[in-house]
Each structure stands twice: as C-alpha cells, then as structure tokens.
file entry02.txt (compact mmCIF, C-alpha atoms)
# COMPACT_ATOMS: atom_id res chain seq x y z
CA MET A 1 107.13 77.69 -214.51
CA THR A 2 106.76 74.39 -216.33
CA ALA A 3 105.57 74.69 -219.91
CA ARG A 4 102.57 72.56 -220.82
CA PRO A 5 102.26 70.42 -223.96
CA THR A 6 101.33 72.08 -227.25
CA ALA A 7 97.68 72.42 -228.23
CA ARG A 8 98.06 69.64 -230.83
CA ALA A 9 99.67 67.38 -228.22
CA ARG A 10 96.70 68.02 -225.91
CA ALA A 11 94.11 67.04 -228.49
CA THR A 12 96.11 63.97 -229.51
CA ALA A 13 96.49 62.90 -225.88
CA VAL A 14 92.75 63.12 -225.32
CA SER A 15 92.04 61.08 -228.46
CA ALA A 16 94.57 58.44 -227.43
CA LEU A 17 93.07 58.13 -223.98
CA LEU A 18 89.61 57.68 -225.50
CA ALA A 19 90.86 55.07 -227.88
CA SER A 20 92.40 53.10 -225.04
CA SER A 21 89.30 53.20 -222.89
CA LEU A 22 78.37 81.04 -203.96
CA LEU A 23 78.39 83.41 -202.59
CA LEU A 24 74.98 82.90 -201.07
CA VAL A 25 74.57 79.29 -201.95
CA PRO A 26 76.42 76.28 -200.56
CA LEU A 27 79.67 75.75 -202.39
CA ALA A 28 79.73 72.74 -204.45
CA GLY A 29 92.15 72.28 -185.30
CA THR A 30 92.50 72.86 -181.93
CA ALA A 31 96.23 72.36 -181.37
CA ALA A 32 97.71 74.73 -178.83
CA ALA A 33 97.69 78.18 -180.41
CA GLN A 34 98.41 81.68 -179.24
CA PRO A 35 95.50 84.07 -178.76
CA ALA A 36 94.24 85.66 -181.94
CA GLN A 37 96.64 88.24 -183.31
CA SER A 38 95.26 90.80 -185.75
CA SER A 39 97.05 93.22 -188.02
CA PRO A 40 96.03 96.84 -187.59
CA ALA A 41 92.79 97.45 -189.45
CA VAL A 42 91.82 100.70 -191.13
CA PRO A 43 89.83 102.72 -188.57
CA ALA A 44 86.08 102.26 -188.72
CA SER A 45 85.69 105.96 -189.50
CA ARG A 46 86.83 105.09 -193.03
CA ALA A 47 84.32 102.26 -193.27
CA ASP A 48 81.88 103.99 -195.58
CA GLY A 49 78.68 102.00 -196.00
CA PHE A 50 79.61 98.65 -194.52
CA ASP A 51 79.73 96.95 -191.14
CA ALA A 52 83.38 97.22 -190.09
CA THR A 53 82.43 96.34 -186.52
CA ALA A 54 81.14 92.93 -187.65
CA LEU A 55 84.37 92.28 -189.55
CA GLU A 56 86.47 93.27 -186.54
CA ARG A 57 84.38 90.96 -184.36
CA ALA A 58 84.84 88.12 -186.86
CA LEU A 59 88.61 88.55 -186.78
CA ALA A 60 88.66 88.76 -183.00
CA GLU A 61 87.24 85.22 -182.87
CA VAL A 62 90.12 83.75 -184.93
CA PRO A 63 91.60 81.20 -184.36
CA ASP A 64 88.73 78.96 -183.35
CA GLY A 65 87.98 75.28 -183.75
CA ASP A 66 87.61 75.67 -187.52
CA VAL A 67 89.41 78.79 -188.76
CA SER A 68 93.13 79.16 -188.06
CA ALA A 69 93.75 82.35 -190.07
CA ALA A 70 91.71 84.99 -191.89
CA LEU A 71 92.79 87.79 -194.26
CA ILE A 72 90.21 90.37 -195.43
CA ARG A 73 90.32 93.41 -197.71
CA VAL A 74 87.36 95.72 -198.37
CA GLY A 75 87.51 98.41 -201.02
CA GLY A 76 85.41 100.85 -203.00
CA ARG A 77 83.98 103.89 -201.27
CA GLY A 78 86.03 103.61 -198.12
CA SER A 79 88.54 100.88 -197.38
CA TRP A 80 89.33 98.44 -194.62
CA ALA A 81 91.82 95.61 -194.15
CA GLY A 82 92.62 93.19 -191.37
CA SER A 83 94.02 89.79 -190.55
CA ALA A 84 93.97 87.46 -187.59
CA GLY A 85 94.96 84.01 -186.45
CA VAL A 86 98.10 81.95 -186.62
CA ARG A 87 100.53 81.01 -189.34
CA ASP A 88 101.10 77.57 -187.90
CA LEU A 89 99.05 75.75 -185.25
CA ARG A 90 102.17 74.00 -184.02
CA THR A 91 104.14 77.16 -183.26
CA GLY A 92 101.34 79.66 -182.75
CA ALA A 93 103.20 82.27 -184.83
CA ALA A 94 100.97 85.14 -185.95
CA ALA A 95 99.26 84.85 -189.35
CA LEU A 96 100.96 86.65 -192.23
CA PRO A 97 98.65 89.40 -193.53
CA HIS A 98 100.17 89.28 -197.03
CA ALA A 99 100.36 85.49 -197.27
CA ARG A 100 99.98 83.54 -200.48
CA PHE A 101 97.23 80.93 -200.63
CA ARG A 102 95.49 78.50 -202.95
CA ALA A 103 92.82 80.62 -204.61
CA GLY A 104 90.79 77.67 -205.94
CA SER A 105 88.00 78.41 -208.38
CA THR A 106 88.63 82.16 -208.47
CA THR A 107 91.05 80.94 -211.15
CA LYS A 108 88.01 80.68 -213.44
CA VAL A 109 87.71 84.48 -213.50
CA VAL A 110 91.22 84.68 -214.95
CA THR A 111 90.47 81.98 -217.53
CA ALA A 112 87.26 83.72 -218.61
CA ALA A 113 89.10 87.04 -218.94
CA VAL A 114 91.75 85.52 -221.23
CA VAL A 115 89.12 83.86 -223.43
CA LEU A 116 87.18 87.13 -223.71
CA GLN A 117 90.37 88.97 -224.65
CA LEU A 118 90.79 86.46 -227.49
CA VAL A 119 87.18 87.13 -228.48
CA GLY A 120 87.94 90.86 -228.53
CA GLU A 121 90.93 90.14 -230.79
CA LYS A 122 88.60 88.16 -233.12
CA ARG A 123 90.67 85.02 -232.61
CA VAL A 124 87.75 83.27 -230.91
CA ALA A 125 84.00 83.56 -231.57
CA LEU A 126 81.72 83.20 -228.57
CA ASP A 127 79.07 81.27 -230.46
CA ALA A 128 81.43 79.04 -232.41
CA PRO A 129 81.53 75.34 -231.46
CA VAL A 130 84.52 74.35 -229.36
CA SER A 131 85.36 71.80 -232.07
CA ARG A 132 86.46 74.70 -234.30
CA TYR A 133 89.42 75.23 -231.97
CA LEU A 134 89.85 71.69 -230.62
CA PRO A 135 88.79 69.51 -233.57
CA ASP A 136 89.96 66.24 -232.01
CA LEU A 137 88.40 66.84 -228.60
CA LEU A 138 84.90 65.37 -228.89
CA PRO A 139 83.86 61.88 -230.00
CA PRO A 140 80.93 61.29 -232.41
CA SER A 141 78.49 60.99 -229.49
CA PHE A 142 78.58 64.81 -229.33
CA THR A 143 76.28 65.46 -232.26
CA GLU A 144 75.92 69.08 -231.09
CA PRO A 145 79.26 70.40 -229.81
CA PRO A 146 78.99 73.05 -227.10
CA THR A 147 79.96 76.60 -227.97
CA VAL A 148 82.61 78.73 -226.32
CA ARG A 149 79.86 80.78 -224.68
CA GLN A 150 78.29 77.63 -223.24
CA LEU A 151 81.60 76.57 -221.73
CA LEU A 152 82.01 80.01 -220.16
CA THR A 153 78.48 79.93 -218.67
CA TYR A 154 78.61 76.32 -217.40
CA THR A 155 75.89 75.26 -219.85
CA SER A 156 78.04 73.05 -222.11
CA GLY A 157 76.49 69.73 -221.13
CA LEU A 158 79.91 68.20 -220.39
CA ARG A 159 79.97 65.69 -217.56
CA PRO A 160 82.50 65.90 -214.69
CA GLY A 161 85.84 64.38 -215.58
CA ALA A 162 88.22 62.07 -213.74
CA ASN A 163 89.11 62.91 -210.15
CA LEU A 164 91.13 61.59 -207.22
CA GLY A 165 88.19 61.58 -204.80
CA SER A 166 85.10 63.60 -204.01
CA THR A 167 85.93 64.55 -200.41
CA THR A 168 89.06 65.88 -198.75
CA GLU A 169 89.40 62.64 -196.82
CA GLU A 170 89.18 60.56 -200.01
CA MET A 171 91.66 62.77 -201.85
CA TYR A 172 94.22 63.05 -199.05
CA PRO A 173 96.06 59.72 -199.72
CA HIS A 174 96.41 60.80 -203.38
CA ARG A 175 97.54 64.38 -202.71
CA PHE A 176 100.95 63.91 -204.37
CA GLU A 177 99.62 62.04 -207.41
CA THR A 178 99.18 63.68 -210.80
CA LEU A 179 95.99 63.62 -212.83
CA THR A 180 96.53 65.60 -216.01
CA PRO A 181 93.92 67.88 -217.57
CA GLU A 182 93.99 65.58 -220.61
CA GLU A 183 92.98 62.64 -218.45
CA VAL A 184 90.28 64.71 -216.75
CA VAL A 185 88.74 65.77 -220.07
CA ALA A 186 89.07 62.37 -221.71
CA ALA A 187 87.09 60.77 -218.88
CA SER A 188 84.42 63.44 -219.28
CA VAL A 189 83.84 63.23 -223.01
CA ALA A 190 84.02 59.42 -223.02
CA GLN A 191 80.70 59.46 -221.12
CA GLY A 192 78.93 61.51 -223.76
CA PRO A 193 76.96 64.69 -223.04
CA ALA A 194 74.85 65.01 -219.90
CA HIS A 195 72.31 67.24 -221.68
CA THR A 196 71.89 69.31 -224.80
CA PRO A 197 74.23 72.31 -224.73
CA GLY A 198 72.50 75.42 -223.43
CA GLU A 199 69.69 73.47 -221.80
CA ARG A 200 70.86 73.61 -218.17
CA GLN A 201 73.46 75.42 -216.10
CA VAL A 202 75.58 73.00 -214.07
CA TYR A 203 78.56 74.50 -212.30
CA GLY A 204 81.75 72.46 -212.60
CA ASN A 205 85.47 72.52 -213.29
CA ILE A 206 85.25 70.62 -216.57
CA HIS A 207 84.04 73.63 -218.59
CA TYR A 208 87.09 75.68 -217.62
CA THR A 209 89.55 72.84 -218.05
CA VAL A 210 88.47 72.67 -221.68
CA LEU A 211 88.74 76.47 -221.95
CA GLY A 212 92.34 76.23 -220.77
CA MET A 213 92.99 73.82 -223.62
CA LEU A 214 91.25 76.18 -226.04
CA ILE A 215 93.51 79.07 -224.93
CA GLU A 216 96.56 76.97 -225.69
CA ALA A 217 95.20 75.84 -229.06
CA VAL A 218 94.41 79.38 -230.21
CA THR A 219 97.60 81.04 -228.94
CA GLY A 220 100.09 78.20 -229.48
CA ASP A 221 101.35 79.06 -226.00
CA SER A 222 100.97 77.63 -222.52
CA TYR A 223 97.95 78.62 -220.48
CA GLU A 224 100.22 79.69 -217.62
CA HIS A 225 102.22 82.09 -219.79
CA GLN A 226 99.10 83.57 -221.36
CA THR A 227 97.60 84.34 -217.96
CA ALA A 228 100.86 85.94 -216.89
CA VAL A 229 101.21 88.26 -219.91
CA ARG A 230 97.51 89.06 -220.25
CA VAL A 231 96.39 89.36 -216.62
CA PHE A 232 99.02 89.14 -213.90
CA ARG A 233 101.70 91.42 -215.36
CA PRO A 234 99.42 94.20 -216.65
CA LEU A 235 97.66 94.40 -213.27
CA ARG A 236 100.93 94.10 -211.31
CA MET A 237 99.75 90.93 -209.61
CA ARG A 238 103.33 90.11 -208.67
CA HIS A 239 102.53 87.37 -206.18
CA THR A 240 100.08 85.41 -208.34
CA GLY A 241 100.78 82.44 -210.58
CA PHE A 242 100.63 78.68 -210.94
CA PRO A 243 102.78 75.94 -209.43
CA GLY A 244 105.34 74.32 -211.71
CA GLY A 245 103.20 71.45 -212.97
CA PRO A 246 102.63 68.98 -210.12
CA ASP A 247 104.67 70.96 -207.56
CA PRO A 248 102.70 70.57 -204.28
CA ARG A 249 104.30 73.54 -202.51
CA ILE A 250 103.24 77.14 -202.05
CA HIS A 251 106.40 79.12 -202.67
CA GLY A 252 106.88 82.32 -200.69
CA PRO A 253 105.25 83.39 -197.40
CA HIS A 254 102.05 81.51 -196.59
CA ASN A 255 99.90 80.38 -193.67
CA ARG A 256 99.52 76.65 -193.07
CA ALA A 257 96.21 75.02 -194.00
CA TYR A 258 94.38 72.30 -192.07
CA ALA A 259 91.54 69.86 -192.63
CA ASP A 260 89.76 67.19 -190.63
CA ILE A 261 91.09 63.84 -191.83
CA GLY A 262 89.69 60.88 -189.96
CA GLY A 263 88.73 63.05 -186.99
CA ARG A 264 92.19 64.63 -186.67
CA THR A 265 93.32 68.14 -187.53
CA THR A 266 95.80 67.48 -190.35
CA ASP A 267 98.15 69.82 -192.20
CA VAL A 268 97.10 69.87 -195.89
CA THR A 269 99.27 72.74 -197.10
CA GLU A 270 101.35 70.65 -199.51
CA TRP A 271 99.09 69.26 -202.23
CA ASN A 272 99.41 68.68 -205.98
CA MET A 273 96.44 70.55 -207.47
CA SER A 274 97.50 70.33 -211.11
CA ASP A 275 94.33 68.47 -212.10
CA ARG A 276 92.38 71.69 -211.32
CA TRP A 277 94.61 73.70 -213.68
CA ALA A 278 92.65 76.43 -215.53
CA ALA A 279 89.67 75.79 -213.24
CA GLY A 280 91.34 76.11 -209.85
CA ASP A 281 95.15 75.84 -209.51
CA MET A 282 96.04 79.52 -209.02
CA ILE A 283 98.03 80.77 -206.03
CA SER A 284 97.53 84.42 -205.08
CA THR A 285 97.20 87.03 -202.32
CA THR A 286 94.27 89.16 -201.20
CA ALA A 287 95.96 92.33 -202.49
CA ASP A 288 96.50 90.77 -205.92
CA LEU A 289 92.94 89.49 -206.15
CA GLU A 290 91.69 92.95 -205.21
CA ARG A 291 93.75 94.36 -208.10
CA MET A 292 92.13 91.83 -210.39
CA VAL A 293 88.64 92.79 -209.26
CA PHE A 294 89.29 96.48 -209.91
CA GLY A 295 90.99 95.71 -213.22
CA LEU A 296 88.15 93.52 -214.43
CA PHE A 297 85.20 95.68 -213.40
CA GLY A 298 87.12 98.81 -214.37
CA GLY A 299 87.39 97.63 -217.98
CA LYS A 300 91.16 97.07 -218.02
CA LEU A 301 91.02 93.32 -218.62
CA VAL A 302 87.99 92.78 -220.84
CA PRO A 303 86.47 95.26 -223.34
CA ARG A 304 83.33 96.73 -221.81
CA PRO A 305 80.89 95.28 -224.39
CA LEU A 306 82.28 91.83 -223.59
CA LEU A 307 82.25 92.60 -219.87
CA ASP A 308 78.52 93.24 -220.27
CA GLN A 309 78.18 89.74 -221.72
CA MET A 310 80.36 88.28 -218.98
CA LEU A 311 77.95 89.74 -216.41
CA THR A 312 74.83 88.40 -218.09
CA VAL A 313 73.10 85.30 -216.70
CA PRO A 314 71.92 83.03 -219.54
CA ASP A 315 68.20 82.57 -220.06
CA VAL A 316 68.11 79.11 -218.46
CA ASP A 317 65.84 78.07 -215.60
CA GLY A 318 67.64 78.34 -212.27
CA ALA A 319 70.79 79.95 -213.72
CA THR A 320 72.73 82.29 -211.40
CA TYR A 321 76.13 82.48 -213.13
CA GLY A 322 77.26 84.64 -215.99
CA MET A 323 80.74 83.81 -217.26
CA ALA A 324 82.78 82.54 -214.28
CA LEU A 325 81.07 84.94 -211.86
CA GLN A 326 77.83 84.41 -209.93
CA ARG A 327 75.12 87.02 -209.49
CA PHE A 328 73.29 87.52 -206.21
CA VAL A 329 71.62 90.30 -204.25
CA VAL A 330 72.47 91.54 -200.74
CA ASP A 331 70.30 94.25 -199.16
CA GLY A 332 69.06 95.23 -202.60
CA ARG A 333 72.57 95.45 -204.12
CA GLU A 334 73.51 93.36 -207.11
CA ILE A 335 76.80 91.62 -206.36
CA TRP A 336 79.02 89.57 -208.67
CA GLY A 337 81.32 87.14 -206.94
CA LYS A 338 83.33 83.95 -207.05
CA THR A 339 84.37 81.49 -204.39
CA GLY A 340 87.36 79.20 -204.37
CA SER A 341 87.68 76.13 -202.15
CA ARG A 342 90.65 73.81 -201.82
CA PRO A 343 91.49 71.61 -198.82
CA GLY A 344 92.16 74.01 -195.97
CA TYR A 345 91.75 77.18 -198.04
CA HIS A 346 88.60 79.17 -198.76
CA THR A 347 88.66 82.30 -200.91
CA VAL A 348 86.01 84.84 -201.89
CA LEU A 349 86.05 87.82 -204.20
CA GLY A 350 83.02 89.99 -204.84
CA ALA A 351 82.07 93.44 -206.10
CA THR A 352 79.27 95.68 -207.19
CA ARG A 353 79.37 96.46 -210.90
CA ASP A 354 80.22 100.12 -210.20
CA LEU A 355 83.02 99.13 -207.77
CA SER A 356 81.39 101.08 -204.96
CA ARG A 357 82.09 98.02 -202.81
CA THR A 358 84.55 95.16 -203.15
CA VAL A 359 85.63 92.39 -200.83
CA VAL A 360 88.35 89.77 -201.00
CA TYR A 361 89.15 87.26 -198.30
CA SER A 362 91.21 84.17 -197.72
CA VAL A 363 90.33 81.95 -194.78
CA ASN A 364 92.29 78.92 -193.65
CA ALA A 365 89.52 76.65 -192.42
CA GLU A 366 88.94 72.96 -191.87
CA SER A 367 85.44 73.50 -193.32
CA ALA A 368 86.80 75.09 -196.53
CA ARG A 369 85.29 72.42 -198.79
CA ASP A 370 82.07 71.98 -196.81
CA ASP A 371 79.03 74.24 -196.85
CA ALA A 372 80.94 77.50 -196.66
CA PHE A 373 77.99 79.83 -196.10
CA PRO A 374 78.93 80.33 -192.42
CA LEU A 375 82.37 81.57 -193.57
CA VAL A 376 80.82 83.88 -196.17
CA GLN A 377 78.39 85.17 -193.56
CA ARG A 378 81.22 85.96 -191.12
CA PHE A 379 83.90 87.33 -193.40
CA ALA A 380 82.21 88.69 -196.57
CA LEU A 381 78.59 89.73 -196.11
CA PRO A 382 79.34 92.52 -193.60
CA ALA A 383 81.20 94.29 -196.42
CA PHE A 384 77.87 94.73 -198.22
CA ALA A 385 75.75 95.60 -195.19
CA GLY A 386 74.42 99.10 -194.74
call {"tool": "encode", "arguments": {"input": "entry02.txt", "output": "structure tokens"}}
result
Amino acid sequence: MTARPTARARATAVSALLASSLLLVPLAGTAAAQPAQSSPAVPASRADGFDATALERALAEVPDGDVSAALIRVGGRGSWAGSAGVRDLRTGAAALPHARFRAGSTTKVVTAAVVLQLVGEKRVALDAPVSRYLPDLLPPSFTEPPTVRQLLTYTSGLRPGANLGSTTEEMYPHRFETLTPEEVVAASVAQGPAHTPGERQVYGNIHYTVLGMLIEAVTGDSYEHQTAVRVFRPLRMRHTGFPGGPDPRIHGPHNRAYADIGGRTTDVTEWNMSDRWAAGDMISTTADLERMVFGLFGGKLVPRPLLDQMLTVPDVDGATYGMALQRFVVDGREIWGKTGSRPGYHTVLGATRDLSRTVVYSVNAESARDDAFPLVQRFALPAFAG
C-alpha cells in the first residue's frame, strides 16, 4: 500500500495549485463465450421473503449482450447466493464467484463510517466547519465554509472537481494517467461555491474526496491505513482495500470488465482510479461488502446514536440521501443502499435497518456507467420482493 502525503502536505498542495491557477433512481460484448455457468445457489426453500426464482432467472440469462458476469448475495432472514457468466470473454472461462472487483462509490460508506468514528471519539464535530480541520483548503470566496455534516450529506455546495472525462469513452484514452485528489479539490474550490451550504443536496464525489483529506488531517495517518484498521480488519474484510496509488491492476482473482468504446466491446479491467480515492477507489468482494453491511447496521462500525444520524435524510427539498447511503422504499419497506459504478463494473449494497433483508451484487456490464436501473431491477429488487 502506498502511503499518501501528510495532511499538511495536502493542504499546502491545494493552496499552491490555486495560486498557480440509486438504487431506484438513475445513477449519476458479444465475443464468443461459453453458455452461462452458475455456481450452486442456496435452495429456494431457504429464500425467506424474497423472490429467489427471479434471481435464478436473472443469472440464467448471463452472459448476454451487456452483462458478462454477475455475483449476488442475499442475507437476513434466509440466505441465497449465486453467480453466473464468464471470467473472460476471450476464453469463456466460468466467472469466479468470489472475485474481486472495483466497488466504486460504495467506498463512500467506508469513508462516512471512519468520519463518524472520529466524531464518536470527539476528534471531529459534525457541525464544525471543514476549515477547522483543513484551514488552508478554502479560498476567501467561501464566506460560509461547509460543515462536516454537510459534506457527509452531499449538501456542502462544493462544485465538481477536475476530471479526465465525463463518459467512459472520453476517459478511456486517459485511463493510465494520474489526477491526484489535491488537483481534483483545487479545481473545485477555485470555482467558488455552487450554492449556500445546506441549501441543496447534490450527489457527487467531491464531498467525499474532501472527507478523505479531513481523515488524514485529524489522524495524521493515511486514509488507506485508517480504513484498514478501523473498518476492514475489525470486520475481517480480508479481500478489500485500495490499489497502491495509481496502480491500474486488480490484484488477486477477478473477472474481466468490458465497456463499449467506439462501438466495440473493449476490455477496461486495468484502469487507474486514484482520482476517485475516498469517493470510489475501493476494491472488494461481495462477501466482504456483506460483512460491512451487517457490521454497519449491526452497530459494530458506528455508535448507534451516530448511526441514527447517518440514516437521517436532511430537511432539504428533494433530498434522498443521509450520510453516504440513499433511502428508498420497495413494497412498503424502507431500504438504505448505495451503488458503485466504474467502467465495466456495477456494484450495489442495500439493507433494511433491522437487517431482515440485505443484498450485495457485483455485475460486470458494458452499461455499468449508464442508467443502471435495469441492472438494479434484475439483480437487486427481487431480494426485497414479497
């Protein structure tokens, strides 16, 4: 694991750069393959209160023209697990049911948990301005600095930062380039605030990139090490972590990922995602993410009074997110969930507050960064049916 710069170095780098310049809402390959191959699923007789038949049918259709592999785990009252598809379109080898994958924005759940732990330790105050912890972060144009709570709930007013493209096709030629979190944040704050903090909820990576910097400033340690000692190790998430800086590889067993680039099915497995950092650079497995869901909602990661705040949507018109997680209702059930989308990889985790039902999936799909509702509808919603 590559250590990141110190908190002071981060703030100085941002200043220098400035001086020099859902689950129910849309989420902001056909090479020769073997027939779909599924791992044995838990018998439907153990499928208490959800539509296991629909999940089995969804897996039976993989691979198709979009999805090359799918891994699903359902837990709570009754359990079910299955996988289908191919590891590699070129060889047609069966998909690995315990594969590692890019977990995308589910990383934000980890970041929020670490910040709330620091709140519980009284090292961070939710309603303190971020400038208390990162005094050199914001230029004078921010007359009202956002609070830690507003960063956690996507209501900070920060604008999106620098990027290497807005679509997979635009980003693809730059996939081995490095855009540091410092550069991302500097480009954001140089534009000034988009709105008064707390006025609107606008989902985006920038809030959690700044929170990663805050974690480093408060602890004097790297974000990656803090997530390991505070989340991954206590929950025995042995196959979860972050690449070494700009390393574009997924180390360990994984299924290849594909995207449509210029009308061609293109392998996008190797990709430097370091610019997503605390907002979306995590690599994990479905079993590990399931452990995280049970650890979080079971009160092992965040003290329960703070978990209550994490699962509270701010009083802002149109808001649907609490801290990291989004609230929605399926068949009368309140569900809290998070999606993660990177080129070729789409991830979902979701649960009821009482853990009577949980679902985690990873799907390798060309449509991973498009409107992913069809994927959610196929591979997640049946877990909450019935």
call {"tool": "closest_residue", "arguments": {"input": "entry02.txt", "among": "A:Leu311, A:Met273, A:Leu214, A:Ala324", "to": "Gly104 of chain A", "atoms": "all atoms listed in the file"}}
result
A:Met273
call {"tool": "axis_aligned_box", "arguments": {"input": "entry02.txt", "around": "segment 282-297 of chain A", "padding_each_side": "5 Å", "output": "lines of an AutoDock Vina configuration file"}}
result
center_x = 91.6
center_y = 88.0
center_z = -207.8
size_x = 22.8
size_y = 27.0
size_z = 23.2
call {"tool": "residues_near_point", "arguments": {"input": "entry02.txt", "point": "(79.5, 82.3, -230.4)", "cutoff": "9 Å", "atoms": "all atoms listed in the file", "output": "list in words"}}
result
Val124, Ala125, Leu126, Asp127, Ala128, Pro129, Thr147, Val148, Arg149 and Gln150 of chain A
call {"tool": "residues_around", "arguments": {"input": "entry02.txt", "residues": "segment 98-101 of chain A", "least_positions_apart": "2", "cutoff": "10 Å", "atoms": "only C-alpha atoms", "output": "PyMOL selection string"}}
result
chain A and resi 71+83+87+95-96+103-104+239-240+250-257+269+282-288+342+344-347+362-364
call {"tool": "residues_around", "arguments": {"input": "entry02.txt", "residues": "Val218 of chain A", "least_positions_apart": "2", "cutoff": "10 Å", "atoms": "only C-alpha atoms", "output": "short mmCIF file (atom, residue, chain, number, x, y, z; two decimals) with C-alpha atoms, in the coordinates of the input"}}
result
data_model
loop_
_atom_site.label_atom_id
_atom_site.label_comp_id
_atom_site.auth_asym_id
_atom_site.auth_seq_id
_atom_site.Cartn_x
_atom_site.Cartn_y
_atom_site.Cartn_z
CA ALA A 7 97.68 72.42 -228.23
CA VAL A 115 89.12 83.86 -223.43
CA LEU A 118 90.79 86.46 -227.49
CA ARG A 123 90.67 85.02 -232.61
CA VAL A 124 87.75 83.27 -230.91
CA TYR A 133 89.42 75.23 -231.97
CA LEU A 134 89.85 71.69 -230.62
CA MET A 213 92.99 73.82 -223.62
CA LEU A 214 91.25 76.18 -226.04
CA ILE A 215 93.51 79.07 -224.93
CA GLU A 216 96.56 76.97 -225.69
CA GLY A 220 100.09 78.20 -229.48
CA ASP A 221 101.35 79.06 -226.00
#
call {"tool": "closest_residue", "arguments": {"input": "entry02.txt", "among": "A:Gly322, A:Gly241, A:Pro234, A:Pro248", "to": "Thr107 of chain A", "atoms": "all atoms listed in the file"}}
result
A:Gly241
call {"tool": "atom_distance", "arguments": {"input": "entry02.txt", "atom1": "atom CA of Gly92 of chain A", "atom2": "atom CA of Arg264 of chain A"}}
result
18.0 Å
call {"tool": "closest_residue", "arguments": {"input": "entry02.txt", "among": "A:Asn272, A:Val185, A:Val329, A:Thr91", "to": "Tyr172 of chain A", "atoms": "all atoms listed in the file"}}
result
A:Asn272
call {"tool": "closest_residue", "arguments": {"input": "entry02.txt", "among": "A:Phe176, A:Phe379, A:Phe384, A:Phe297", "to": "Ala60 of chain A", "atoms": "all atoms listed in the file"}}
result
A:Phe379
call {"tool": "closest_residue", "arguments": {"input": "entry02.txt", "among": "A:Asp371, A:Glu169, A:Asp275, A:Glu61", "to": "Asp260 of chain A", "atoms": "only C-alpha atoms"}}
result
A:Glu169
call {"tool": "atom_distance", "arguments": {"input": "entry02.txt", "atom1": "atom CA of Pro160 of chain A", "atom2": "atom CA of Ser341 of chain A"}}
result
17.0 Å
call {"tool": "closest_residue", "arguments": {"input": "entry02.txt", "among": "A:Trp80, A:Tyr223, A:Trp336, A:Phe294", "to": "Ala279 of chain A", "atoms": "all atoms listed in the file"}}
result
A:Tyr223
call {"tool": "atom_distance", "arguments": {"input": "entry02.txt", "atom1": "atom CA of Phe232 of chain A", "atom2": "atom CA of Val110 of chain A"}}
result
9.0 Å
call {"tool": "residues_near_point", "arguments": {"input": "entry02.txt", "point": "(84.2, 90.1, -223.3)", "cutoff": "7 Å", "atoms": "all atoms listed in the file", "output": "list in words"}}
result
Leu116, Gln117, Val119, Gly120, Val302, Pro303, Arg304, Pro305, Leu306, Leu307, Gln309 and Met310 of chain A
call {"tool": "residues_around", "arguments": {"input": "entry02.txt", "residues": "Thr111 of chain A", "least_positions_apart": "2", "cutoff": "8 Å", "atoms": "only C-alpha atoms", "output": "ChimeraX atom specification"}}
result
/A:107-109,113-115,208,211-212,227,278-279
